[in-house]
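One structure below.
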Amino acid sequence: MTSQLKVVRAGLFDTLQDLGRIGFMALGMPTAGAMDRIALHLANALCGNPPSAAGLEIGVMGPDLLVEAESVRVALVGPLSPMLLEQPDAPPKPLESDRTHLLKRGQVLRVGMVEGSSTAYFAVAGGFALPAFLGSLSTYARAGGGGFEGRKLAAGDVLPLAREQAPPGDERKLAQPFDYGSGPIRVVWGPQDDYFSAKGRRTFIESDYRASKEADRMGIRFEGPTIEHSKGADIISDGIGPGGIQVPGAGLPIVLLADRQTVGGYSKIATVASVDLPRLGRLLSGQVVRFTPVGGEG
């Protein structure tokens with residue numbers, strides 16, 4: 001008998017993501033992958049999966065999933081308040097996040113809203129039985145590649161599972177929610193910090209910047225004081241690494257994230273240190289950050 005999860009109600013933006021599609025940027029294919037790699041690692045660890053296994057990235061609100069398998073062990077990581085519907089007419093039962101749960105055939109998991117973060121994660125013990133695209137299950141929705149049909153989940157979708165039933169063993173739980181730290185977002189200057197005046201560089205590291213509503217998996221536009229260029233905003237297009245911070249002619253920074261374009265023609269004042277990228281992957285519109293250079297003011 002087929003083992004699967006059926007989407008009976010879709011969330012807002014739920015996609016399959018792993019650690020990314022590595023090695024194809026020269027062909028114009030972005031890496032994609034989890035916005036918060038830490039949470040995906042934790043969800044996979046709870047399920048006993050390898051770190052590279054794909055899970056569901058929950059954007060703002062998660063789906064309702066019907067279990068069409070003998071049993072399945074799932075892990076939810078992040079600020080969620082999931083519910084379990086054991087019978088169609090039964091009242092929903094609250095579940096804890098940051099732990100595993102054993103679900104049985106006919107039950108419905110209501111993943112629910114993500115509170116205080118833009119993302120949360122859902123993993124299944126054994127993973128999903130879906131074909132990889134260029135070596136990865138990460139969804140890149142702009143090109144319709146990877147994941148489930150290259151798009152976010154919709155009502156009626158069926159996710160095949162690699163295991164017919166949950167593996168034996170006890171449930172696992174995080175001792176406490178992961179501490180992502182606080183304080184300024186750490187950056188490394190460049191690669192085009194010489195395109196900015198000394199005043200512009202000071203503005204960048206001495207000012208508060210607010211995440212605008214123009215934010216998605218590609219990147220976040222920030223609002224705040226304008227950053228002064230010294231050589232203009234435009235460069236000959238070059239490659240863009242994770243966390244690159246472009247500053248177009250308007251003088252406001254854009255931090256580029258998982259679905260970033262492979263090349264770009266705006267000068268990049270700095271690059272977010274990889275240790276702090278998961279914090280930006282969780283950032284909500286309206287939240288304020290400050291940037292600080294790892295190697296000094298430059």
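How things are named: the first chain in the structure tokens is A, the next is B, and so on; residues count from 1 in each chain; ligands count from 1 in the order shown.
Scanning segment 16-83 of chain A with DSSP on the backbone, the strand (DSSP E or B) assignments fall on Leu16, Gln17, Gly55, Leu56, Glu57, Ile58, Gly59, Met61, Asp64, Leu65, Leu66, Val67, Glu68, Ser71, Val72, Arg73, Val74, Ala75, Leu76, Val77, Leu80 and Met83 of chain A.
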Output N, CA and C atoms of each residue in that selection to a file, as a JSON list (two decimals), in the first residue's frame.
```json
[["chain", "number", "residue", "atom", "x", "y", "z"],
["A", 16, "LEU", "N", 9.29, 22.19, -0.49],
["A", 16, "LEU", "CA", 10.32, 21.23, -0.11],
["A", 16, "LEU", "C", 11.69, 21.89, -0.29],
["A", 17, "GLN", "N", 12.52, 21.79, 0.73],
["A", 17, "GLN", "CA", 13.87, 22.35, 0.68],
["A", 17, "GLN", "C", 14.85, 21.42, 1.38],
["A", 55, "GLY", "N", 13.10, 18.66, 3.79],
["A", 55, "GLY", "CA", 11.92, 18.82, 4.63],
["A", 55, "GLY", "C", 11.04, 19.90, 4.05],
["A", 56, "LEU", "N", 9.92, 20.14, 4.70],
["A", 56, "LEU", "CA", 9.04, 21.22, 4.28],
["A", 56, "LEU", "C", 9.44, 22.50, 4.99],
["A", 57, "GLU", "N", 9.67, 23.54, 4.22],
["A", 57, "GLU", "CA", 9.85, 24.87, 4.78],
["A", 57, "GLU", "C", 8.48, 25.53, 4.85],
["A", 58, "ILE", "N", 8.07, 25.89, 6.06],
["A", 58, "ILE", "CA", 6.75, 26.45, 6.30],
["A", 58, "ILE", "C", 6.87, 27.97, 6.29],
["A", 59, "GLY", "N", 6.20, 28.61, 5.36],
["A", 59, "GLY", "CA", 6.24, 30.06, 5.26],
["A", 59, "GLY", "C", 4.97, 30.68, 5.80],
["A", 61, "MET", "N", 2.27, 30.25, 7.33],
["A", 61, "MET", "CA", 1.21, 29.34, 7.79],
["A", 61, "MET", "C", 1.36, 28.01, 7.07],
["A", 64, "ASP", "N", -2.56, 21.56, 6.26],
["A", 64, "ASP", "CA", -3.17, 20.43, 6.94],
["A", 64, "ASP", "C", -2.80, 19.18, 6.14],
["A", 65, "LEU", "N", -2.21, 18.18, 6.81],
["A", 65, "LEU", "CA", -1.69, 17.00, 6.13],
["A", 65, "LEU", "C", -2.41, 15.75, 6.63],
["A", 66, "LEU", "N", -3.02, 15.01, 5.71],
["A", 66, "LEU", "CA", -3.70, 13.76, 6.04],
["A", 66, "LEU", "C", -2.71, 12.61, 5.91],
["A", 67, "VAL", "N", -2.62, 11.78, 6.94],
["A", 67, "VAL", "CA", -1.70, 10.63, 6.93],
["A", 67, "VAL", "C", -2.36, 9.48, 6.18],
["A", 68, "GLU", "N", -1.75, 9.11, 5.07],
["A", 68, "GLU", "CA", -2.19, 7.94, 4.30],
["A", 68, "GLU", "C", -1.04, 6.92, 4.30],
["A", 71, "SER", "N", 1.90, 4.35, 9.56],
["A", 71, "SER", "CA", 2.35, 5.30, 10.59],
["A", 71, "SER", "C", 3.46, 6.13, 9.98],
["A", 72, "VAL", "N", 3.72, 7.26, 10.59],
["A", 72, "VAL", "CA", 4.80, 8.13, 10.14],
["A", 72, "VAL", "C", 5.29, 8.95, 11.33],
["A", 73, "ARG", "N", 6.61, 9.10, 11.43],
["A", 73, "ARG", "CA", 7.17, 9.94, 12.49],
["A", 73, "ARG", "C", 7.59, 11.27, 11.85],
["A", 74, "VAL", "N", 7.11, 12.35, 12.44],
["A", 74, "VAL", "CA", 7.41, 13.67, 11.90],
["A", 74, "VAL", "C", 8.05, 14.53, 13.00],
["A", 75, "ALA", "N", 8.78, 15.53, 12.58],
["A", 75, "ALA", "CA", 9.34, 16.51, 13.51],
["A", 75, "ALA", "C", 8.96, 17.90, 13.04],
["A", 76, "LEU", "N", 8.57, 18.74, 13.98],
["A", 76, "LEU", "CA", 8.26, 20.14, 13.73],
["A", 76, "LEU", "C", 9.23, 20.99, 14.53],
["A", 77, "VAL", "N", 9.92, 21.90, 13.86],
["A", 77, "VAL", "CA", 10.90, 22.76, 14.52],
["A", 77, "VAL", "C", 10.61, 24.20, 14.16],
["A", 80, "LEU", "N", 5.83, 27.14, 16.24],
["A", 80, "LEU", "CA", 4.55, 26.66, 15.73],
["A", 80, "LEU", "C", 3.66, 26.22, 16.89],
["A", 83, "MET", "N", -1.67, 21.23, 15.65],
["A", 83, "MET", "CA", -2.83, 20.52, 16.22],
["A", 83, "MET", "C", -2.97, 19.18, 15.50]]
```
Write out as a PyMOL selection string the residues lying within 8 Å of segment 199-201 of chain A, counting only C-alpha atoms and excluding same-chain residues fewer than 4 positions away. chain A and resi 193+205+226-229+269+297
The selected residues should be written to file as a CSV table (one decimal), in the first residue's frame (atoms: N, CA and C atoms).
```csv
chain,number,residue,atom,x,y,z
A,193,ASP,N,33.4,47.0,-1.6
A,193,ASP,CA,33.3,48.0,-0.6
A,193,ASP,C,34.0,49.3,-1.0
A,205,ILE,N,27.2,50.7,8.8
A,205,ILE,CA,27.4,50.0,10.1
A,205,ILE,C,27.0,50.7,11.3
A,226,THR,N,20.3,56.3,3.6
A,226,THR,CA,20.9,55.9,2.4
A,226,THR,C,22.4,55.9,2.5
A,227,ILE,N,23.0,54.9,1.7
A,227,ILE,CA,24.5,54.7,1.8
A,227,ILE,C,25.1,55.3,0.6
A,228,GLU,N,26.1,56.1,0.8
A,228,GLU,CA,26.7,56.9,-0.2
A,228,GLU,C,27.8,56.1,-1.0
A,229,HIS,N,27.6,56.1,-2.4
A,229,HIS,CA,28.6,55.5,-3.2
A,229,HIS,C,29.7,56.5,-3.5
A,269,ILE,N,28.4,46.0,-0.9
A,269,ILE,CA,29.2,46.7,0.1
A,269,ILE,C,29.8,45.6,1.1
A,297,GLU,N,36.1,48.3,11.1
A,297,GLU,CA,35.3,49.3,10.3
A,297,GLU,C,35.7,49.4,8.9
```
Can you write out as JSON lines which residues of segment 168-266 of chain A fall within 6 Å of segment 30-49 of chain A, alongside each residue's closest atom pair and its distance in Å to one decimal, counting only C-alpha atoms and ordering rows by chain and ascending residue number?
```
{"residue": "A:Arg172", "atom": "CA", "partner": "A:Leu46", "partner_atom": "CA", "distance": 5.8}
{"residue": "A:Ala258", "atom": "CA", "partner": "A:Ala32", "partner_atom": "CA", "distance": 4.6}
{"residue": "A:Asp259", "atom": "CA", "partner": "A:Ala32", "partner_atom": "CA", "distance": 4.7}
{"residue": "A:Thr262", "atom": "CA", "partner": "A:Pro30", "partner_atom": "CA", "distance": 5.8}
```
Write the residues of the preceding selection, restricted to C-alpha atoms, as a PDB file, in the first residue's frame.
```pdb
ATOM      1  CA  ARG A 172      12.754  12.932  20.614  1.00  0.00           C
ATOM      2  CA  ALA A 258      18.546  31.340  -0.850  1.00  0.00           C
ATOM      3  CA  ASP A 259      16.794  32.037  -4.179  1.00  0.00           C
ATOM      4  CA  THR A 262      23.461  33.911  -9.774  1.00  0.00           C
TER       5      THR A 262
END
```
For Tyr195 of chain A, work out the shell of residues within 7 Å, counting only C-alpha atoms and skipping chain neighbours fewer than 2 positions away, then give it as a PyMOL selection string. chain A and resi 192-193+197+229-232+267
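For the pair atom CA of Val188 of chain A and atom CA of Gly264 of chain A, the interatomic distance is 18.5 Å.
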9 Å contact set for Gly244 of chain A, only C-alpha atoms, chain neighbours under 4 positions out, as a list of chain:residue names: A:Gly190, A:Pro191, A:Ile240, A:Ile254, A:Val255, A:Leu256, A:Leu257, A:Lys268, A:Ile269, A:Ala270, A:Thr271, A:Val272
Writing out the chosen residues with C-alpha atoms as a PDB file, in the first residue's frame:
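The resulting file, result.pdb, is reproduced below:
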```
ATOM      1  CA  GLY A 190      33.238  43.530   0.061  1.00  0.00           C
ATOM      2  CA  PRO A 191      33.671  42.429  -2.556  1.00  0.00           C
ATOM      3  CA  ILE A 240      26.590  36.572  -5.989  1.00  0.00           C
ATOM      4  CA  ILE A 254      19.318  44.426  -0.329  1.00  0.00           C
ATOM      5  CA  VAL A 255      20.480  41.207   1.357  1.00  0.00           C
ATOM      6  CA  LEU A 256      20.348  38.302  -1.095  1.00  0.00           C
ATOM      7  CA  LEU A 257      19.276  34.914   0.259  1.00  0.00           C
ATOM      8  CA  LYS A 268      28.021  44.859  -2.973  1.00  0.00           C
ATOM      9  CA  ILE A 269      29.213  46.659   0.139  1.00  0.00           C
ATOM     10  CA  ALA A 270      29.483  43.521   2.277  1.00  0.00           C
ATOM     11  CA  THR A 271      28.483  39.870   2.661  1.00  0.00           C
ATOM     12  CA  VAL A 272      26.604  38.444   5.653  1.00  0.00           C
TER      13      VAL A 272
END
```
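Using only C-alpha atoms, the nearest neighbour of Val263 of chain A within the list A:Pro278, A:Ile235, A:Gln176, A:Val289 is A:Ile235.
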Between A:Ala166, A:Val111, A:Met29, A:Val7, which residue has the minimum interatomic distance to Gly146 of chain A, considering only C-alpha atoms? A:Met29
As a ChimeraX atom specification, please: every residue in segment 3-232 of chain A that DSSP puts in helix (DSSP H, G or I). /A:25-27,37-47,193-195,198-206
Excluding same-chain residues fewer than 6 positions from Ser285 of chain A, what lies within 8 Å of it counting only C-alpha atoms, as an NGL selection string? :A and (210-213 or 215)
Would you put the residues from that selection into a file with N, CA, C and O atoms, as a PDB file, in the first residue's frame?
```
ATOM      1  N   ARG A 210      15.406  48.614   8.672  1.00  0.00           N
ATOM      2  CA  ARG A 210      14.147  47.901   8.888  1.00  0.00           C
ATOM      3  C   ARG A 210      13.817  47.046   7.669  1.00  0.00           C
ATOM      4  O   ARG A 210      13.865  47.532   6.527  1.00  0.00           O
ATOM      5  N   ALA A 211      13.483  45.774   7.905  1.00  0.00           N
ATOM      6  CA  ALA A 211      13.079  44.889   6.811  1.00  0.00           C
ATOM      7  C   ALA A 211      11.768  45.392   6.213  1.00  0.00           C
ATOM      8  O   ALA A 211      10.786  45.590   6.929  1.00  0.00           O
ATOM      9  N   SER A 212      11.767  45.624   4.911  1.00  0.00           N
ATOM     10  CA  SER A 212      10.573  46.134   4.246  1.00  0.00           C
ATOM     11  C   SER A 212       9.620  44.979   3.908  1.00  0.00           C
ATOM     12  O   SER A 212       9.931  43.804   4.149  1.00  0.00           O
ATOM     13  N   LYS A 213       8.493  45.323   3.320  1.00  0.00           N
ATOM     14  CA  LYS A 213       7.544  44.299   2.876  1.00  0.00           C
ATOM     15  C   LYS A 213       8.028  43.599   1.612  1.00  0.00           C
ATOM     16  O   LYS A 213       7.466  42.572   1.224  1.00  0.00           O
ATOM     17  N   ALA A 215      10.209  41.409   0.706  1.00  0.00           N
ATOM     18  CA  ALA A 215      11.084  40.366   1.231  1.00  0.00           C
ATOM     19  C   ALA A 215      10.516  39.011   0.854  1.00  0.00           C
ATOM     20  O   ALA A 215       9.308  38.773   0.979  1.00  0.00           O
TER      21      ALA A 215
END
```
